[in-house]
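**Q** To be precise about what I am sending: the file is called model-v4.csv and holds CSV, C-alpha atoms and all ligand atoms.
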chain,number,residue,atom,x,y,z
A,1,MET,CA,-40.3,30.4,-61.2
A,2,ARG,CA,-44.0,29.9,-61.6
A,3,PRO,CA,-45.3,26.7,-59.9
A,4,ALA,CA,-46.5,24.0,-62.3
A,5,LEU,CA,-49.7,23.7,-60.3
A,6,GLU,CA,-51.1,26.4,-58.1
A,7,VAL,CA,-54.3,25.9,-56.2
A,8,THR,CA,-55.8,28.8,-54.1
A,9,GLY,CA,-58.7,28.6,-51.7
A,10,LEU,CA,-60.2,25.8,-53.8
A,11,GLY,CA,-63.6,24.5,-52.9
A,12,VAL,CA,-65.5,22.0,-55.1
A,13,ARG,CA,-69.1,21.0,-54.4
A,14,TYR,CA,-71.2,18.2,-56.0
A,15,ARG,CA,-74.7,19.5,-55.4
A,16,ARG,CA,-74.8,20.1,-51.7
A,17,THR,CA,-71.8,18.0,-50.7
A,18,TRP,CA,-68.4,19.7,-50.5
A,19,ALA,CA,-65.8,17.3,-51.9
A,20,LEU,CA,-62.9,19.8,-51.3
A,21,ARG,CA,-62.8,22.8,-49.1
A,22,ASP,CA,-60.3,25.7,-48.6
A,23,CYS,CA,-57.5,23.9,-50.4
A,24,SER,CA,-54.3,26.0,-51.2
A,25,LEU,CA,-51.1,24.5,-52.5
A,26,ALA,CA,-48.3,25.0,-55.0
A,27,VAL,CA,-46.3,22.2,-56.7
A,28,PRO,CA,-43.0,23.5,-58.1
A,29,ALA,CA,-42.1,22.6,-61.7
A,30,GLY,CA,-40.1,19.4,-62.3
A,31,ARG,CA,-41.5,17.6,-59.2
A,32,VAL,CA,-43.2,14.2,-59.0
A,33,ALA,CA,-46.0,14.9,-56.5
A,34,ALA,CA,-47.8,12.0,-54.7
A,35,LEU,CA,-51.4,12.7,-53.9
A,36,VAL,CA,-52.6,10.4,-51.1
A,37,GLY,CA,-55.6,10.1,-48.9
A,38,PRO,CA,-58.4,7.6,-47.9
A,39,ASN,CA,-61.3,6.8,-50.2
A,40,GLY,CA,-63.5,9.8,-50.8
A,41,ALA,CA,-60.8,12.2,-49.6
A,42,GLY,CA,-61.1,14.4,-52.7
A,43,LYS,CA,-58.1,13.2,-54.7
A,44,SER,CA,-59.9,12.7,-58.0
A,45,THR,CA,-61.8,15.9,-57.4
A,46,LEU,CA,-58.6,17.8,-57.0
A,47,MET,CA,-57.2,16.2,-60.2
A,48,HIS,CA,-60.4,16.9,-62.1
A,49,ALA,CA,-60.2,20.6,-61.0
A,50,ALA,CA,-56.5,20.8,-62.1
A,51,VAL,CA,-57.3,19.6,-65.6
A,52,GLY,CA,-60.5,21.6,-65.9
A,53,LEU,CA,-63.0,18.8,-65.7
A,54,VAL,CA,-64.9,20.2,-62.7
A,55,ARG,CA,-65.5,23.9,-62.1
A,56,PRO,CA,-64.5,25.2,-58.6
A,57,ALA,CA,-67.3,26.6,-56.5
A,58,ARG,CA,-64.6,28.7,-54.7
A,59,GLY,CA,-61.0,29.7,-55.3
A,60,SER,CA,-59.0,28.9,-58.4
A,61,VAL,CA,-56.6,26.4,-60.0
A,62,GLY,CA,-53.7,27.6,-62.2
A,63,VAL,CA,-51.5,25.3,-64.4
A,64,ALA,CA,-48.4,26.5,-66.2
A,65,GLY,CA,-48.4,25.1,-69.8
A,66,GLU,CA,-50.0,22.0,-71.4
A,67,VAL,CA,-51.7,19.3,-69.2
A,68,ALA,CA,-52.3,15.6,-70.0
A,69,PHE,CA,-54.6,13.5,-67.8
A,70,VAL,CA,-55.0,9.8,-67.4
A,71,ALA,CA,-58.3,9.0,-65.6
A,72,GLN,CA,-58.6,6.2,-63.1
A,73,ASP,CA,-60.3,3.7,-65.5
A,74,LYS,CA,-57.7,4.3,-68.3
A,75,PRO,CA,-60.3,5.1,-71.0
A,76,LEU,CA,-59.2,3.9,-74.5
A,77,TYR,CA,-61.2,3.5,-77.7
A,78,GLU,CA,-61.9,-0.3,-77.4
A,79,GLY,CA,-62.4,-0.9,-81.1
A,80,PHE,CA,-59.2,0.9,-82.2
A,81,THR,CA,-55.8,-0.6,-82.5
A,82,VAL,CA,-52.8,0.9,-80.7
A,83,ALA,CA,-51.5,2.1,-84.1
A,84,GLU,CA,-54.8,3.8,-84.8
A,85,MET,CA,-54.7,5.6,-81.5
A,86,LEU,CA,-51.2,6.8,-82.2
A,87,SER,CA,-52.2,8.0,-85.6
A,88,PHE,CA,-55.2,9.8,-84.1
A,89,GLY,CA,-52.9,11.4,-81.5
A,90,ARG,CA,-50.5,12.5,-84.3
A,91,ARG,CA,-53.2,14.2,-86.2
A,92,THR,CA,-54.8,16.0,-83.2
A,93,ASN,CA,-51.7,17.2,-81.3
A,94,THR,CA,-49.1,19.6,-82.6
A,95,ARG,CA,-46.4,18.6,-80.0
A,96,TRP,CA,-46.9,14.8,-80.6
A,97,ASP,CA,-43.8,12.6,-80.0
A,98,ASP,CA,-44.7,9.7,-82.3
A,99,GLN,CA,-41.2,8.1,-82.4
A,100,GLY,CA,-40.9,8.3,-78.6
A,101,ALA,CA,-44.3,6.6,-78.2
A,102,ARG,CA,-43.5,3.8,-80.7
A,103,ASP,CA,-40.1,3.2,-79.1
A,104,ARG,CA,-41.7,2.9,-75.7
A,105,LEU,CA,-44.5,0.5,-76.8
A,106,GLY,CA,-41.9,-1.5,-78.7
A,107,ALA,CA,-39.7,-1.8,-75.6
A,108,LEU,CA,-42.7,-2.9,-73.6
A,109,GLY,CA,-43.6,-5.6,-76.3
A,110,ILE,CA,-47.1,-4.1,-76.9
A,111,PRO,CA,-48.2,-5.0,-80.4
A,112,LEU,CA,-49.3,-2.0,-82.4
A,113,ASP,CA,-52.0,-4.0,-84.3
A,114,ARG,CA,-53.7,-5.1,-81.0
A,115,LYS,CA,-57.2,-3.6,-80.4
A,116,ALA,CA,-57.4,-1.7,-77.1
A,117,GLY,CA,-60.3,-3.9,-76.0
A,118,ARG,CA,-57.9,-6.9,-76.1
A,119,LEU,CA,-55.1,-5.5,-74.1
A,120,SER,CA,-54.4,-6.7,-70.5
A,121,GLY,CA,-54.8,-4.3,-67.6
A,122,GLY,CA,-51.1,-3.6,-67.4
A,123,GLN,CA,-50.9,-3.0,-71.2
A,124,ARG,CA,-53.9,-0.6,-71.0
A,125,ALA,CA,-52.1,1.3,-68.3
A,126,GLN,CA,-48.9,1.5,-70.3
A,127,VAL,CA,-50.7,2.5,-73.5
A,128,ALA,CA,-52.7,5.2,-71.7
A,129,LEU,CA,-49.5,6.6,-70.1
A,130,THR,CA,-47.7,6.4,-73.5
A,131,LEU,CA,-50.4,8.4,-75.2
A,132,ALA,CA,-50.4,11.0,-72.5
A,133,LEU,CA,-46.6,11.3,-72.6
A,134,ALA,CA,-46.6,11.6,-76.4
A,135,ARG,CA,-48.5,14.8,-76.0
A,136,ARG,CA,-45.4,16.2,-74.3
A,137,PRO,CA,-47.3,17.8,-71.5
A,138,ASP,CA,-45.8,20.2,-69.0
A,139,LEU,CA,-48.0,18.7,-66.3
A,140,LEU,CA,-49.0,15.1,-66.3
A,141,VAL,CA,-51.9,14.2,-64.0
A,142,LEU,CA,-52.4,10.5,-63.3
A,143,ASP,CA,-55.3,9.2,-61.3
A,144,GLU,CA,-54.2,5.9,-59.6
A,145,PRO,CA,-51.9,4.9,-62.5
A,146,LEU,CA,-50.7,1.8,-60.5
A,147,ALA,CA,-54.1,0.4,-59.5
A,148,ASN,CA,-54.6,-3.3,-60.7
A,149,LEU,CA,-51.0,-3.6,-61.9
A,150,ASP,CA,-48.7,-6.4,-60.8
A,151,PRO,CA,-45.5,-5.5,-59.0
A,152,LEU,CA,-43.4,-5.6,-62.1
A,153,ALA,CA,-45.8,-3.4,-64.1
A,154,ARG,CA,-46.0,-0.9,-61.2
A,155,HIS,CA,-42.2,-0.7,-61.2
A,156,ASP,CA,-42.1,-0.3,-65.0
A,157,VAL,CA,-44.7,2.6,-64.9
A,158,MET,CA,-42.7,4.4,-62.2
A,159,ARG,CA,-39.4,3.9,-64.0
A,160,THR,CA,-40.9,5.3,-67.2
A,161,LEU,CA,-42.1,8.4,-65.2
A,162,MET,CA,-38.7,8.9,-63.6
A,163,GLY,CA,-37.0,8.6,-67.1
A,164,GLU,CA,-39.4,11.2,-68.5
A,165,VAL,CA,-38.9,13.6,-65.6
A,166,ALA,CA,-35.1,13.2,-65.8
A,167,GLU,CA,-35.1,13.9,-69.6
A,168,ARG,CA,-37.2,17.1,-69.6
A,169,GLU,CA,-39.0,19.6,-67.5
A,170,LEU,CA,-42.1,17.6,-66.7
A,171,THR,CA,-44.2,17.9,-63.5
A,172,VAL,CA,-46.3,14.9,-62.4
A,173,LEU,CA,-49.2,14.7,-60.0
A,174,LEU,CA,-50.2,11.1,-59.3
A,175,SER,CA,-52.6,9.6,-56.8
A,176,SER,CA,-52.1,6.2,-55.1
A,177,HIS,CA,-53.3,4.3,-52.1
A,178,VAL,CA,-49.9,2.4,-51.8
A,179,VAL,CA,-47.4,4.8,-50.2
A,180,SER,CA,-44.5,2.3,-50.6
A,181,ASP,CA,-45.0,2.5,-54.4
A,182,LEU,CA,-44.2,6.2,-54.2
A,183,GLU,CA,-41.2,6.4,-52.0
A,184,GLU,CA,-38.5,6.0,-54.7
A,185,THR,CA,-40.1,8.2,-57.3
A,186,CYS,CA,-42.0,11.0,-55.7
A,187,ASP,CA,-40.3,14.1,-54.2
A,188,TRP,CA,-43.4,16.1,-53.2
A,189,LEU,CA,-46.2,14.9,-50.9
A,190,ILE,CA,-49.9,16.1,-50.8
A,191,VAL,CA,-52.2,14.5,-48.2
A,192,LEU,CA,-55.9,15.0,-48.5
A,193,ASN,CA,-58.3,13.8,-45.8
A,194,GLY,CA,-62.1,14.3,-45.8
A,195,GLY,CA,-61.9,17.1,-48.4
A,196,ARG,CA,-59.3,19.1,-46.5
A,197,LEU,CA,-55.6,19.5,-47.3
A,198,GLN,CA,-53.4,18.1,-44.5
A,199,VAL,CA,-49.9,18.1,-45.9
A,200,SER,CA,-48.2,19.7,-48.9
A,201,GLY,CA,-44.4,19.8,-49.1
A,202,ASP,CA,-41.1,18.5,-50.2
A,203,ILE,CA,-40.7,14.9,-49.0
A,204,GLU,CA,-37.1,15.3,-47.9
A,205,ASP,CA,-38.0,18.5,-45.8
A,206,LEU,CA,-41.1,16.7,-44.4
A,207,LEU,CA,-39.1,13.7,-43.3
A,208,ALA,CA,-36.3,15.9,-41.9
A,209,GLY,CA,-38.9,17.9,-40.0
A,210,HIS,CA,-40.5,14.9,-38.2
A,211,LEU,CA,-39.4,12.4,-35.6
A,212,VAL,CA,-40.8,9.1,-34.3
A,213,LEU,CA,-40.5,9.0,-30.5
A,214,THR,CA,-40.8,5.8,-28.5
A,215,GLY,CA,-41.0,5.7,-24.7
A,216,PRO,CA,-42.8,4.4,-21.7
A,217,ALA,CA,-46.5,5.0,-21.2
A,218,GLY,CA,-47.3,7.5,-18.4
A,219,PRO,CA,-48.6,6.3,-15.0
A,220,SER,CA,-52.1,6.5,-16.3
A,221,GLY,CA,-51.1,4.6,-19.4
A,222,ALA,CA,-52.0,7.5,-21.6
A,223,PRO,CA,-49.5,9.0,-24.1
A,224,PRO,CA,-48.4,12.5,-23.2
A,225,ALA,CA,-50.7,15.2,-24.6
A,226,GLN,CA,-47.8,17.3,-26.1
A,227,PRO,CA,-44.1,16.7,-26.2
A,228,SER,CA,-42.0,19.4,-24.6
A,229,GLY,CA,-39.6,21.7,-26.4
A,230,GLY,CA,-40.2,23.1,-29.8
A,231,ALA,CA,-42.2,20.2,-31.2
A,232,VAL,CA,-45.8,19.5,-32.1
A,233,LEU,CA,-47.5,16.2,-31.6
A,234,VAL,CA,-49.0,14.9,-34.9
A,235,GLY,CA,-50.3,11.6,-33.6
A,236,GLY,CA,-49.4,8.5,-31.8
A,237,GLY,CA,-50.5,5.2,-30.3
A,238,GLN,CA,-49.8,2.7,-27.6
A,239,ALA,CA,-48.8,-1.0,-27.8
A,240,GLY,CA,-48.5,-2.6,-24.3
A,241,ARG,CA,-46.4,-0.2,-22.1
A,242,GLN,CA,-44.8,1.5,-25.0
A,243,VAL,CA,-46.0,4.7,-26.6
A,244,THR,CA,-45.0,5.7,-30.2
A,245,LEU,CA,-45.5,9.3,-31.2
A,246,LEU,CA,-44.9,11.2,-34.4
A,247,VAL,CA,-43.8,14.8,-33.8
A,248,ARG,CA,-43.0,17.7,-35.9
A,249,GLY,CA,-40.0,19.7,-34.9
A,250,THR,CA,-37.3,18.8,-32.3
A,251,PRO,CA,-38.5,18.0,-28.8
A,252,ALA,CA,-36.5,18.2,-25.5
A,253,LEU,CA,-36.3,14.5,-24.8
A,254,ASP,CA,-36.6,12.7,-21.5
A,255,PRO,CA,-33.7,10.2,-21.4
A,256,ARG,CA,-36.2,7.3,-21.3
A,257,TRP,CA,-37.4,8.3,-24.8
A,258,GLN,CA,-35.8,7.4,-28.0
A,259,ALA,CA,-36.0,9.4,-31.2
A,260,ARG,CA,-35.6,8.2,-34.8
A,261,PRO,CA,-36.3,9.7,-38.3
A,262,ALA,CA,-39.8,9.1,-39.6
A,263,GLY,CA,-40.5,7.0,-42.7
A,264,LEU,CA,-42.8,8.2,-45.4
A,265,GLU,CA,-45.5,5.7,-44.7
A,266,GLU,CA,-45.6,6.3,-41.0
A,267,LEU,CA,-45.7,10.1,-41.6
A,268,VAL,CA,-48.7,9.7,-43.9
A,269,MET,CA,-50.5,7.3,-41.6
A,270,ALA,CA,-49.9,9.5,-38.6
A,271,TYR,CA,-51.5,12.5,-40.4
A,272,LEU,CA,-54.4,10.4,-41.8
A,273,ARG,CA,-55.2,9.2,-38.2
A,274,SER,CA,-55.2,12.7,-36.9
A,275,PRO,CA,-57.3,14.8,-39.3
A,276,GLU,CA,-56.9,17.9,-37.1
A,277,SER,CA,-53.1,17.9,-37.7
A,278,ALA,CA,-51.5,19.7,-40.7
A,279,ALA,CA,-48.1,20.3,-42.2
A,280,LEU,CA,-48.5,23.1,-44.7
A,281,PRO,CA,-46.0,25.7,-45.9
A,282,GLY,CA,-45.7,28.4,-43.4
A,283,LEU,CA,-46.2,26.1,-40.4
A,284,ALA,CA,-43.3,25.9,-37.9
A,285,GLY,CA,-40.8,23.1,-38.4
A,286,VAL,CA,-41.6,22.2,-42.0
A,287,GLY,CA,-39.6,23.5,-44.9
A,288,ALA,CA,-41.9,25.6,-47.1
B,1,LIG,N1,-69.8,13.1,-59.5
B,1,LIG,C1,-70.1,13.2,-58.2
B,1,LIG,N2,-71.3,13.5,-57.7
B,1,LIG,C2,-71.5,13.5,-56.4
B,1,LIG,N3,-70.5,13.3,-55.4
B,1,LIG,C3,-69.3,13.0,-55.9
B,1,LIG,C4,-69.0,12.9,-57.3
B,1,LIG,N4,-67.7,12.6,-57.4
B,1,LIG,C5,-67.2,12.5,-56.1
B,1,LIG,N5,-68.1,12.8,-55.2
B,1,LIG,C6,-68.0,12.8,-53.8
B,1,LIG,O1,-66.9,13.7,-53.5
B,1,LIG,C7,-66.1,13.2,-52.5
B,1,LIG,C8,-64.7,13.1,-53.0
B,1,LIG,O2,-64.6,12.1,-54.0
B,1,LIG,P1,-63.3,11.8,-54.9
B,1,LIG,O3,-63.7,10.8,-55.9
B,1,LIG,O4,-62.6,13.1,-55.2
B,1,LIG,O5,-62.4,11.0,-53.7
B,1,LIG,P2,-61.0,10.2,-53.9
B,1,LIG,O6,-60.1,10.6,-52.8
B,1,LIG,O7,-60.6,10.2,-55.3
B,1,LIG,O8,-61.6,8.7,-53.6
B,1,LIG,P3,-61.1,7.3,-54.0
B,1,LIG,O9,-59.8,7.0,-53.4
B,1,LIG,O10,-62.2,6.4,-53.5
B,1,LIG,O11,-61.0,7.3,-55.6
B,1,LIG,C9,-66.7,11.8,-52.0
B,1,LIG,O12,-67.5,12.1,-50.9
B,1,LIG,C10,-67.5,11.5,-53.2
B,1,LIG,O13,-68.6,10.7,-52.8
Would you put the structure from the file into structure tokens?
**A**
Amino acid sequence: MRPALEVTGLGVRYRRTWALRDCSLAVPAGRVAALVGPNGAGKSTLMHAAVGLVRPARGSVGVAGEVAFVAQDKPLYEGFTVAEMLSFGRRTNTRWDDQGARDRLGALGIPLDRKAGRLSGGQRAQVALTLALARRPDLLVLDEPLANLDPLARHDVMRTLMGEVAERELTVLLSSHVVSDLEETCDWLIVLNGGRLQVSGDIEDLLAGHLVLTGPAGPSGAPPAQPSGGAVLVGGGQAGRQVTLLVRGTPALDPRWQARPAGLEELVMAYLRSPESAALPGLAGVGA
């Protein structure tokens, strides 16, 4: 089946600065993909390229079907009521799901006669998401949909997304700085760092393909440069006399070392701390 989003050799430049370089990935249809990375990593740039808001300097971006995008600042028409925005959507979109949108806003207790400028931050986020979902997109791109939301509202937004994905063939690409918000909902992980792609893959495969090793620091106090056996060191650190390493693959373990499965957050952090490491389809030890 054709991927919902396919990026090939993508390079995006703002004047002389490259915001993204040599980025190739494919997100299968029906996935909820988490896009993570530090400030300035290129997340918004990748999203803007996916929805056609920036033109690539190199490579290409392909999307299967209709795309809806909610930008980081949730732009709404401040002077319009929610009902007026719904009516505008209905008149300008042939696939518009008016009833679904009204049901969702009703369930959230958002008054239809309220002007956008008078909505709270959480309500703005929900209205922007509802308007995007009402367009019945095949790919929904959300730039930091959870920013500035309280824990309950974050949970509600993620639950809505899960409901939509379960109900129909929808692919979601969403960025966030809070990995713990993504664990329950997302099944695909993309890590960008300094404009380069570090990780793209199925989260279950990634977690199954990595281990956290703990053991004693060497005589010099330094962690071993590379674990032995068929494993690759992603990154690690030392606390006192104990060394913790994240490795990809299965190492031959010294009995003084212990191995346990990696969590999503520690996997992301280990890659972000080691920008030279990468887990991309085609690399040994990671399900493509
Ligand atoms: N319109 C622009 N003009 C010039 N440079 C830009 C522009 N937009 C982004 N950049 C630069 O491109 C790089 C990537 O920015 P981008 O906004 O894509 O990162 P991000 O990962 O979304 O960051 P954040 O988490 O802070 O939102 C940064 O170095 C940024 O300064």
**Q** May I have the protein, DNA and RNA residues with an atom at most 10 Å from (-55.6, 8.6, -42.4), counting all atoms listed in the file in the file's coordinates, returned as a VMD selection string?
**A** chain A and resid 36 to 39 41 191 to 194 198 268 to 275
**Q** Mind writing the picked residues with C-alpha atoms as a PDB file, in the coordinates of the input?
**A**
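Dumped everything to selection_3.pdb:
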ATOM      1  CA  VAL A  36     -52.600  10.400 -51.100  1.00  0.00           C
ATOM      2  CA  GLY A  37     -55.600  10.100 -48.900  1.00  0.00           C
ATOM      3  CA  PRO A  38     -58.400   7.600 -47.900  1.00  0.00           C
ATOM      4  CA  ASN A  39     -61.300   6.800 -50.200  1.00  0.00           C
ATOM      5  CA  ALA A  41     -60.800  12.200 -49.600  1.00  0.00           C
ATOM      6  CA  VAL A 191     -52.200  14.500 -48.200  1.00  0.00           C
ATOM      7  CA  LEU A 192     -55.900  15.000 -48.500  1.00  0.00           C
ATOM      8  CA  ASN A 193     -58.300  13.800 -45.800  1.00  0.00           C
ATOM      9  CA  GLY A 194     -62.100  14.300 -45.800  1.00  0.00           C
ATOM     10  CA  GLN A 198     -53.400  18.100 -44.500  1.00  0.00           C
ATOM     11  CA  VAL A 268     -48.700   9.700 -43.900  1.00  0.00           C
ATOM     12  CA  MET A 269     -50.500   7.300 -41.600  1.00  0.00           C
ATOM     13  CA  ALA A 270     -49.900   9.500 -38.600  1.00  0.00           C
ATOM     14  CA  TYR A 271     -51.500  12.500 -40.400  1.00  0.00           C
ATOM     15  CA  LEU A 272     -54.400  10.400 -41.800  1.00  0.00           C
ATOM     16  CA  ARG A 273     -55.200   9.200 -38.200  1.00  0.00           C
ATOM     17  CA  SER A 274     -55.200  12.700 -36.900  1.00  0.00           C
ATOM     18  CA  PRO A 275     -57.300  14.800 -39.300  1.00  0.00           C
TER      19      PRO A 275
END
**Q** Would you name the residues within 7 Å of ligand LIG 1 (chain B), counting all atoms listed in the file, and put them as a ChimeraX atom specification?
**A** /A:14-15,17-19,37-46,195
**Q** Could you write those residues out with C-alpha atoms, as a PDB file, in the frame of the given file?
**A**
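Dumped everything to out35.pdb:
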ATOM      1  CA  TYR A  14     -71.200  18.200 -56.000  1.00  0.00           C
ATOM      2  CA  ARG A  15     -74.700  19.500 -55.400  1.00  0.00           C
ATOM      3  CA  THR A  17     -71.800  18.000 -50.700  1.00  0.00           C
ATOM      4  CA  TRP A  18     -68.400  19.700 -50.500  1.00  0.00           C
ATOM      5  CA  ALA A  19     -65.800  17.300 -51.900  1.00  0.00           C
ATOM      6  CA  GLY A  37     -55.600  10.100 -48.900  1.00  0.00           C
ATOM      7  CA  PRO A  38     -58.400   7.600 -47.900  1.00  0.00           C
ATOM      8  CA  ASN A  39     -61.300   6.800 -50.200  1.00  0.00           C
ATOM      9  CA  GLY A  40     -63.500   9.800 -50.800  1.00  0.00           C
ATOM     10  CA  ALA A  41     -60.800  12.200 -49.600  1.00  0.00           C
ATOM     11  CA  GLY A  42     -61.100  14.400 -52.700  1.00  0.00           C
ATOM     12  CA  LYS A  43     -58.100  13.200 -54.700  1.00  0.00           C
ATOM     13  CA  SER A  44     -59.900  12.700 -58.000  1.00  0.00           C
ATOM     14  CA  THR A  45     -61.800  15.900 -57.400  1.00  0.00           C
ATOM     15  CA  LEU A  46     -58.600  17.800 -57.000  1.00  0.00           C
ATOM     16  CA  GLY A 195     -61.900  17.100 -48.400  1.00  0.00           C
TER      17      GLY A 195
END
**Q** Taking only C-alpha atoms into account, name the residue in A:Glu66, A:Glu6, A:Glu84, A:Glu266 that is nearest to Ser180 (chain A).
**A**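 For Ser180 (chain A), the nearest of the given residues is A:Glu266.
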**Q** Go through A:Leu170, A:Leu267, A:Leu105, A:Ala252 one by one, measure the shortest atom-to-atom distance of each to Gly209 (chain A) using all atoms listed in the file, and give the residue with the smallest value.
**A**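 Answer, going by the shortest atom-to-atom distance: A:Leu267.
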**Q** Please provide as a list in words all residues within 12 Å of Asp156 (chain A), with the sequence filter that same-chain residues fewer than 5 positions apart are discarded (counting all atoms listed in the file).
**A** Arg104, Ala107, Leu108, Gly122, Gln123, Ala125, Gln126, Leu129, Pro145, Leu146, Leu149, Asp150, Pro151, Leu161, Met162, Gly163, Asp181 and Thr185 of chain A
**Q** What is the CA of Arg21 (chain A) to CA of Leu53 (chain A) distance in Å?
**A**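 Interatomic distance here is 17.1 Å.
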**Q** Enter the distance from CA of Gly235 (chain A) to CA of Glu184 (chain A), in Å, rounded to one decimal.
**A** 24.8 Å
**Q** Calculate how many Å separate CA of Ser277 (chain A) from CA of Leu206 (chain A), rounding to one decimal.
**A** 13.8 Å
**Q** Check the smallest atom-to-atom distance from each of A:Leu112, A:Trp96, A:Gly106, A:Glu265 to Glu183 (chain A) using all atoms listed in the file, then report the winner.
**A**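 Closest candidate: A:Glu265.
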**Q** Go through A:Asp187, A:Glu78, A:Asp205, A:Glu144 one by one, measure the shortest atom-to-atom distance of each to Ala279 (chain A) using all atoms listed in the file, and give the residue with the smallest value.
**A**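 Residue with the minimum atom-to-atom distance to Ala279 (chain A): A:Asp205.
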**Q** Which is closer to Thr130 (chain A) than all the others in A:Val165, A:Ala64, A:Met158, A:Leu86, using only C-alpha atoms?
**A**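 Residue with the minimum atom-to-atom distance to Thr130 (chain A): A:Leu86.
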**Q** Leu133 (chain A): which residues within 9 Å, counting only C-alpha atoms, same-chain residues fewer than 2 positions away excluded, as a PyMOL selection string?
**A** chain A and resi 68+96-97+100-101+128-131+135-137+140+164
**Q** Can you tell me which residues surround Leu264 (chain A) at a distance of at most 8 Å, considering all atoms listed in the file, apart from same-chain residues fewer than 5 positions away, and format the answer as an NGL selection string?
**A** :A and (179 or 183 or 203 or 207)
**Q** Write out as an NGL selection string each polymer residue whose atoms come within 6 Å of Val172 (chain A), counting only C-alpha atoms; drop sequence neighbours fewer than 5 positions from it.
**A** :A and (32-33 or 139-141)
**Q** Measuring between all atoms listed in the file, which one of A:Ala50, A:Ala57, A:Thr160, A:Ala29 shows the shortest distance to Arg13 (chain A)?
**A**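 For Arg13 (chain A), the nearest of the candidates is A:Ala57.
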**Q** Do you know which residues lie at most 8 Å from (-57.7, -0.1, -84.9), with coordinates as in the file and all atoms listed in the file counted, and could you write them as number ranges by chain?
**A** A: 79-85, 113-116
**Q** Using all atoms listed in the file, determine which residues lie at most 10 Å from Ala147 (chain A), disregarding the query and same-chain residues fewer than 6 positions distant; provide the list as a VMD selection string.
**A** chain A and resid 72 to 73 121 to 122 125 154 175 to 178
**Q** For the residues in that selection, give me C-alpha atoms as a PDB file, in the frame of the given file.
**A**
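Everything below was put into selection.pdb:
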ATOM      1  CA  GLN A  72     -58.600   6.200 -63.100  1.00  0.00           C
ATOM      2  CA  ASP A  73     -60.300   3.700 -65.500  1.00  0.00           C
ATOM      3  CA  GLY A 121     -54.800  -4.300 -67.600  1.00  0.00           C
ATOM      4  CA  GLY A 122     -51.100  -3.600 -67.400  1.00  0.00           C
ATOM      5  CA  ALA A 125     -52.100   1.300 -68.300  1.00  0.00           C
ATOM      6  CA  ARG A 154     -46.000  -0.900 -61.200  1.00  0.00           C
ATOM      7  CA  SER A 175     -52.600   9.600 -56.800  1.00  0.00           C
ATOM      8  CA  SER A 176     -52.100   6.200 -55.100  1.00  0.00           C
ATOM      9  CA  HIS A 177     -53.300   4.300 -52.100  1.00  0.00           C
ATOM     10  CA  VAL A 178     -49.900   2.400 -51.800  1.00  0.00           C
TER      11      VAL A 178
END
**Q** Could region 109-120 of chain A be completed with N, CA and C atoms and written as a PDB file, keeping the file's coordinate frame, please?
**A**
ATOM      1  N   GLY A 109     -43.048  -4.376 -75.566  1.00  0.00           N
ATOM      2  CA  GLY A 109     -43.600  -5.600 -76.300  1.00  0.00           C
ATOM      3  C   GLY A 109     -45.079  -5.473 -76.495  1.00  0.00           C
ATOM      4  N   ILE A 110     -45.617  -4.255 -76.618  1.00  0.00           N
ATOM      5  CA  ILE A 110     -47.100  -4.100 -76.900  1.00  0.00           C
ATOM      6  C   ILE A 110     -47.316  -4.028 -78.361  1.00  0.00           C
ATOM      7  N   PRO A 111     -48.043  -5.008 -78.941  1.00  0.00           N
ATOM      8  CA  PRO A 111     -48.200  -5.000 -80.400  1.00  0.00           C
ATOM      9  C   PRO A 111     -49.093  -3.845 -80.856  1.00  0.00           C
ATOM     10  N   LEU A 112     -48.625  -3.167 -81.906  1.00  0.00           N
ATOM     11  CA  LEU A 112     -49.300  -2.000 -82.400  1.00  0.00           C
ATOM     12  C   LEU A 112     -50.654  -2.353 -83.083  1.00  0.00           C
ATOM     13  N   ASP A 113     -50.745  -3.630 -83.547  1.00  0.00           N
ATOM     14  CA  ASP A 113     -52.000  -4.000 -84.300  1.00  0.00           C
ATOM     15  C   ASP A 113     -53.039  -4.598 -83.312  1.00  0.00           C
ATOM     16  N   ARG A 114     -52.769  -4.574 -82.011  1.00  0.00           N
ATOM     17  CA  ARG A 114     -53.700  -5.100 -81.000  1.00  0.00           C
ATOM     18  C   ARG A 114     -54.816  -4.062 -80.739  1.00  0.00           C
ATOM     19  N   LYS A 115     -56.093  -4.518 -80.711  1.00  0.00           N
ATOM     20  CA  LYS A 115     -57.200  -3.600 -80.400  1.00  0.00           C
ATOM     21  C   LYS A 115     -57.149  -3.295 -78.871  1.00  0.00           C
ATOM     22  N   ALA A 116     -57.485  -2.055 -78.502  1.00  0.00           N
ATOM     23  CA  ALA A 116     -57.400  -1.700 -77.100  1.00  0.00           C
ATOM     24  C   ALA A 116     -58.242  -2.593 -76.214  1.00  0.00           C
ATOM     25  N   GLY A 117     -59.397  -3.040 -76.732  1.00  0.00           N
ATOM     26  CA  GLY A 117     -60.300  -3.900 -76.000  1.00  0.00           C
ATOM     27  C   GLY A 117     -59.641  -5.266 -75.641  1.00  0.00           C
ATOM     28  N   ARG A 118     -58.554  -5.609 -76.331  1.00  0.00           N
ATOM     29  CA  ARG A 118     -57.900  -6.900 -76.100  1.00  0.00           C
ATOM     30  C   ARG A 118     -56.602  -6.792 -75.351  1.00  0.00           C
ATOM     31  N   LEU A 119     -56.320  -5.616 -74.839  1.00  0.00           N
ATOM     32  CA  LEU A 119     -55.100  -5.500 -74.100  1.00  0.00           C
ATOM     33  C   LEU A 119     -55.316  -5.896 -72.618  1.00  0.00           C
ATOM     34  N   SER A 120     -54.246  -6.353 -71.964  1.00  0.00           N
ATOM     35  CA  SER A 120     -54.400  -6.700 -70.500  1.00  0.00           C
ATOM     36  C   SER A 120     -54.421  -5.405 -69.726  1.00  0.00           C
TER      37      SER A 120
END
